[in-house]
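Reproduced below: entry_8.cif, with mmCIF, C-alpha atoms, pLDDT in the B column; chains and numbers go by the auth columns.
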```cif
data_query
loop_
_atom_site.group_PDB
_atom_site.id
_atom_site.type_symbol
_atom_site.label_atom_id
_atom_site.label_comp_id
_atom_site.label_asym_id
_atom_site.label_seq_id
_atom_site.Cartn_x
_atom_site.Cartn_y
_atom_site.Cartn_z
_atom_site.B_iso_or_equiv
_atom_site.auth_seq_id
_atom_site.auth_asym_id
ATOM 1 C CA ALA A 1 -85.082 0.420 80.238 53.00 74 G
ATOM 2 C CA ALA A 2 -83.669 2.431 77.352 55.00 75 G
ATOM 3 C CA PRO A 3 -86.134 3.651 74.728 57.00 76 G
ATOM 4 C CA SER A 4 -86.363 1.591 71.565 58.00 77 G
ATOM 5 C CA SER A 5 -84.942 3.021 68.362 63.00 78 G
ATOM 6 C CA THR A 6 -87.387 1.017 66.234 71.00 79 G
ATOM 7 C CA MET A 7 -91.022 1.590 65.384 76.00 80 G
ATOM 8 C CA ARG A 8 -93.509 -1.185 64.827 83.00 81 G
ATOM 9 C CA ILE A 9 -96.472 -0.815 62.500 89.00 82 G
ATOM 10 C CA GLU A 10 -99.384 -2.382 64.326 89.00 83 G
ATOM 11 C CA ARG A 11 -102.043 -1.573 61.739 93.00 84 G
ATOM 12 C CA LEU A 12 -102.019 -0.266 58.172 95.00 85 G
ATOM 13 C CA ALA A 13 -105.092 0.802 56.208 96.00 86 G
ATOM 14 C CA ILE A 14 -104.907 1.708 52.518 94.00 87 G
ATOM 15 C CA THR A 15 -107.834 2.956 50.429 94.00 88 G
ATOM 16 C CA GLY A 16 -107.654 3.965 46.773 93.00 89 G
ATOM 17 C CA PHE A 17 -103.852 4.023 46.654 92.00 90 G
ATOM 18 C CA ARG A 18 -102.137 2.843 43.482 91.00 91 G
ATOM 19 C CA SER A 19 -103.291 -0.755 42.824 89.00 92 G
ATOM 20 C CA TYR A 20 -105.131 -1.088 46.162 92.00 93 G
ATOM 21 C CA ASP A 21 -108.867 -0.461 46.333 92.00 94 G
ATOM 22 C CA GLU A 22 -108.719 -1.355 50.029 95.00 95 G
ATOM 23 C CA LEU A 23 -106.269 -3.125 52.328 95.00 96 G
ATOM 24 C CA GLN A 24 -106.361 -3.658 56.086 96.00 97 G
ATOM 25 C CA LEU A 25 -103.149 -5.133 57.475 94.00 98 G
ATOM 26 C CA ALA A 26 -102.017 -5.970 61.016 95.00 99 G
ATOM 27 C CA PRO A 27 -98.543 -7.466 60.556 92.00 100 G
ATOM 28 C CA PRO A 28 -97.120 -9.677 63.301 92.00 101 G
ATOM 29 C CA ALA A 29 -94.087 -8.494 65.263 86.00 102 G
ATOM 30 C CA GLY A 30 -90.690 -9.107 63.713 85.00 103 G
ATOM 31 C CA PRO A 31 -89.216 -8.797 60.251 88.00 104 G
ATOM 32 C CA GLN A 32 -91.566 -9.174 57.297 91.00 105 G
ATOM 33 C CA ILE A 33 -90.935 -10.448 53.778 94.00 106 G
ATOM 34 C CA LEU A 34 -93.025 -9.260 50.840 93.00 107 G
ATOM 35 C CA TYR A 35 -93.153 -11.594 47.877 94.00 108 G
ATOM 36 C CA GLY A 36 -95.476 -12.128 44.971 95.00 109 G
ATOM 37 C CA ALA A 37 -95.896 -11.948 41.236 96.00 110 G
ATOM 38 C CA ASN A 38 -94.967 -8.885 39.207 96.00 111 G
ATOM 39 C CA ALA A 39 -97.562 -6.105 39.527 92.00 112 G
ATOM 40 C CA ALA A 40 -99.025 -7.669 42.678 93.00 113 G
ATOM 41 C CA GLY A 41 -98.627 -4.462 44.732 92.00 114 G
ATOM 42 C CA LYS A 42 -95.398 -5.078 46.690 95.00 115 G
ATOM 43 C CA THR A 43 -93.811 -1.774 45.701 92.00 116 G
ATOM 44 C CA SER A 44 -97.097 0.080 46.197 91.00 117 G
ATOM 45 C CA LEU A 45 -97.286 -1.230 49.757 94.00 118 G
ATOM 46 C CA LEU A 46 -93.743 -0.019 50.464 93.00 119 G
ATOM 47 C CA GLU A 47 -94.517 3.307 48.784 92.00 120 G
ATOM 48 C CA ALA A 48 -97.547 3.740 51.061 92.00 121 G
ATOM 49 C CA LEU A 49 -95.234 3.387 54.073 91.00 122 G
ATOM 50 C CA VAL A 50 -92.880 6.002 52.577 91.00 123 G
ATOM 51 C CA VAL A 51 -95.772 8.440 52.071 90.00 124 G
ATOM 52 C CA LEU A 52 -96.873 7.940 55.667 89.00 125 G
ATOM 53 C CA ALA A 53 -93.335 8.439 56.980 87.00 126 G
ATOM 54 C CA ARG A 54 -92.253 11.352 54.765 87.00 127 G
ATOM 55 C CA GLY A 55 -95.519 12.941 53.693 88.00 128 G
ATOM 56 C CA ALA A 56 -94.652 12.434 50.026 87.00 129 G
ATOM 57 C CA SER A 57 -93.792 9.677 47.597 88.00 130 G
ATOM 58 C CA HIS A 58 -90.229 9.062 46.521 84.00 131 G
ATOM 59 C CA ARG A 59 -91.529 7.961 43.091 84.00 132 G
ATOM 60 C CA ALA A 60 -94.410 10.157 41.979 85.00 133 G
ATOM 61 C CA ALA A 61 -96.317 13.414 42.398 81.00 134 G
ATOM 62 C CA ASP A 62 -99.316 13.413 44.739 77.00 135 G
ATOM 63 C CA ALA A 63 -101.759 13.553 41.821 82.00 136 G
ATOM 64 C CA GLU A 64 -100.450 10.177 40.573 78.00 137 G
ATOM 65 C CA LEU A 65 -101.001 8.285 43.847 84.00 138 G
ATOM 66 C CA PRO A 66 -104.752 7.590 43.806 86.00 139 G
ATOM 67 C CA GLY A 67 -105.649 4.426 41.905 86.00 140 G
ATOM 68 C CA TRP A 68 -107.400 4.438 38.535 82.00 141 G
ATOM 69 C CA THR A 69 -110.879 4.283 40.078 85.00 142 G
ATOM 70 C CA ALA A 70 -110.240 6.628 43.038 87.00 143 G
ATOM 71 C CA SER A 71 -110.313 10.407 43.206 88.00 144 G
ATOM 72 C CA VAL A 72 -108.305 10.431 46.460 89.00 145 G
ATOM 73 C CA ALA A 73 -106.131 7.954 48.329 90.00 146 G
ATOM 74 C CA ARG A 74 -106.216 7.444 52.090 91.00 147 G
ATOM 75 C CA LEU A 75 -103.355 5.918 54.074 93.00 148 G
ATOM 76 C CA GLU A 76 -103.478 5.308 57.800 93.00 149 G
ATOM 77 C CA ALA A 77 -101.076 3.564 60.164 90.00 150 G
ATOM 78 C CA GLU A 78 -101.031 2.843 63.859 88.00 151 G
ATOM 79 C CA VAL A 79 -97.446 2.732 65.068 84.00 152 G
ATOM 80 C CA ASP A 80 -96.330 1.252 68.408 79.00 153 G
ATOM 81 C CA ALA A 81 -99.909 1.679 69.726 59.00 154 G
ATOM 82 C CA LEU A 82 -98.931 5.242 70.686 61.00 155 G
ATOM 83 C CA TRP A 83 -99.048 7.127 67.400 57.00 156 G
ATOM 84 C CA THR A 84 -101.493 7.232 64.532 58.00 157 G
ATOM 85 C CA THR A 85 -100.472 8.823 61.274 60.00 158 G
ATOM 86 C CA SER A 86 -102.561 9.346 58.170 63.00 159 G
ATOM 87 C CA ALA A 87 -102.288 10.950 54.775 60.00 160 G
ATOM 88 C CA VAL A 88 -104.896 11.812 52.188 63.00 161 G
ATOM 89 C CA VAL A 89 -103.587 12.555 48.700 58.00 162 G
#
```

Full structure transcribed into structure tokens:
Amino acid sequence: AAPSSTMRIERLAITGFRSYDELQLAPPAGPQILYGANAAGKTSLLEALVVLARGASHRAADAELPGWTASVARLEAEVDALWTTSAVV
């Protein structure tokens, strides 16, 4: 079988990042839809994935990423059950 060109996030953990004090997420396989009220954290969740993938935010400097009550932010993802990536900013 040919290798897959997609990666699946099996687990995502966010602590002290933007509007999230703490979030543990294990999304089911397949496409996902994020919806909710304004300022609910949809963009912050996507930004956390960008930071994990690129090592930096596309929107802000590292010093701006921890939430109001956090001195640091921690992001961790388990991808395809083979790789674990994390970032502390």

Between G:Ala134, G:Ala146, G:Leu122, G:Ile106, single out the one closest to Arg84 (chain G), counting all atoms listed in the file.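 Among the listed residues, the smallest separation from Arg84 (chain G) belongs to G:Leu122.
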
Quick one: residues within 10 Å of Thr142 (chain G), all atoms listed in the file, excluding same-chain residues fewer than 4 positions away - as an MDAnalysis selection string? chainID G and resid 89:94

Write a file of the selected residues as a CSV table (one decimal), in the coordinates of the input, keeping C-alpha atoms.
```csv
chain,number,residue,atom,x,y,z
G,89,GLY,CA,-107.7,4.0,46.8
G,90,PHE,CA,-103.9,4.0,46.7
G,91,ARG,CA,-102.1,2.8,43.5
G,92,SER,CA,-103.3,-0.8,42.8
G,93,TYR,CA,-105.1,-1.1,46.2
G,94,ASP,CA,-108.9,-0.5,46.3
```

If we count only C-alpha atoms and set the cut-off at 10 Å, which residues sit around Leu107 (chain G), ignoring sequence neighbours fewer than 5 positions away in its own chain? Please answer as a compact mmCIF listing (two decimals) with C-alpha atoms, in the coordinates of the input.
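Ended up saving to selection.txt:
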```txt
# COMPACT_ATOMS: atom_id res chain seq x y z
CA GLY G 114 -98.63 -4.46 44.73
CA LYS G 115 -95.40 -5.08 46.69
CA THR G 116 -93.81 -1.77 45.70
CA LEU G 118 -97.29 -1.23 49.76
CA LEU G 119 -93.74 -0.02 50.46
```

Calculate how many Å separate CA of Met80 (chain G) from CA of Asp153 (chain G), rounding to one decimal.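 That distance, rounded to one decimal, is 6.1 Å.
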
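CA of Leu148 (chain G) lies 5.8 Å from CA of Ala86 (chain G).
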
Could you work out how far CA of Glu83 (chain G) lies from CA of Leu138 (chain G), giving the answer in Å with one decimal?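 Between CA of Leu138 (chain G) and CA of Glu83 (chain G) the gap is 23.1 Å.
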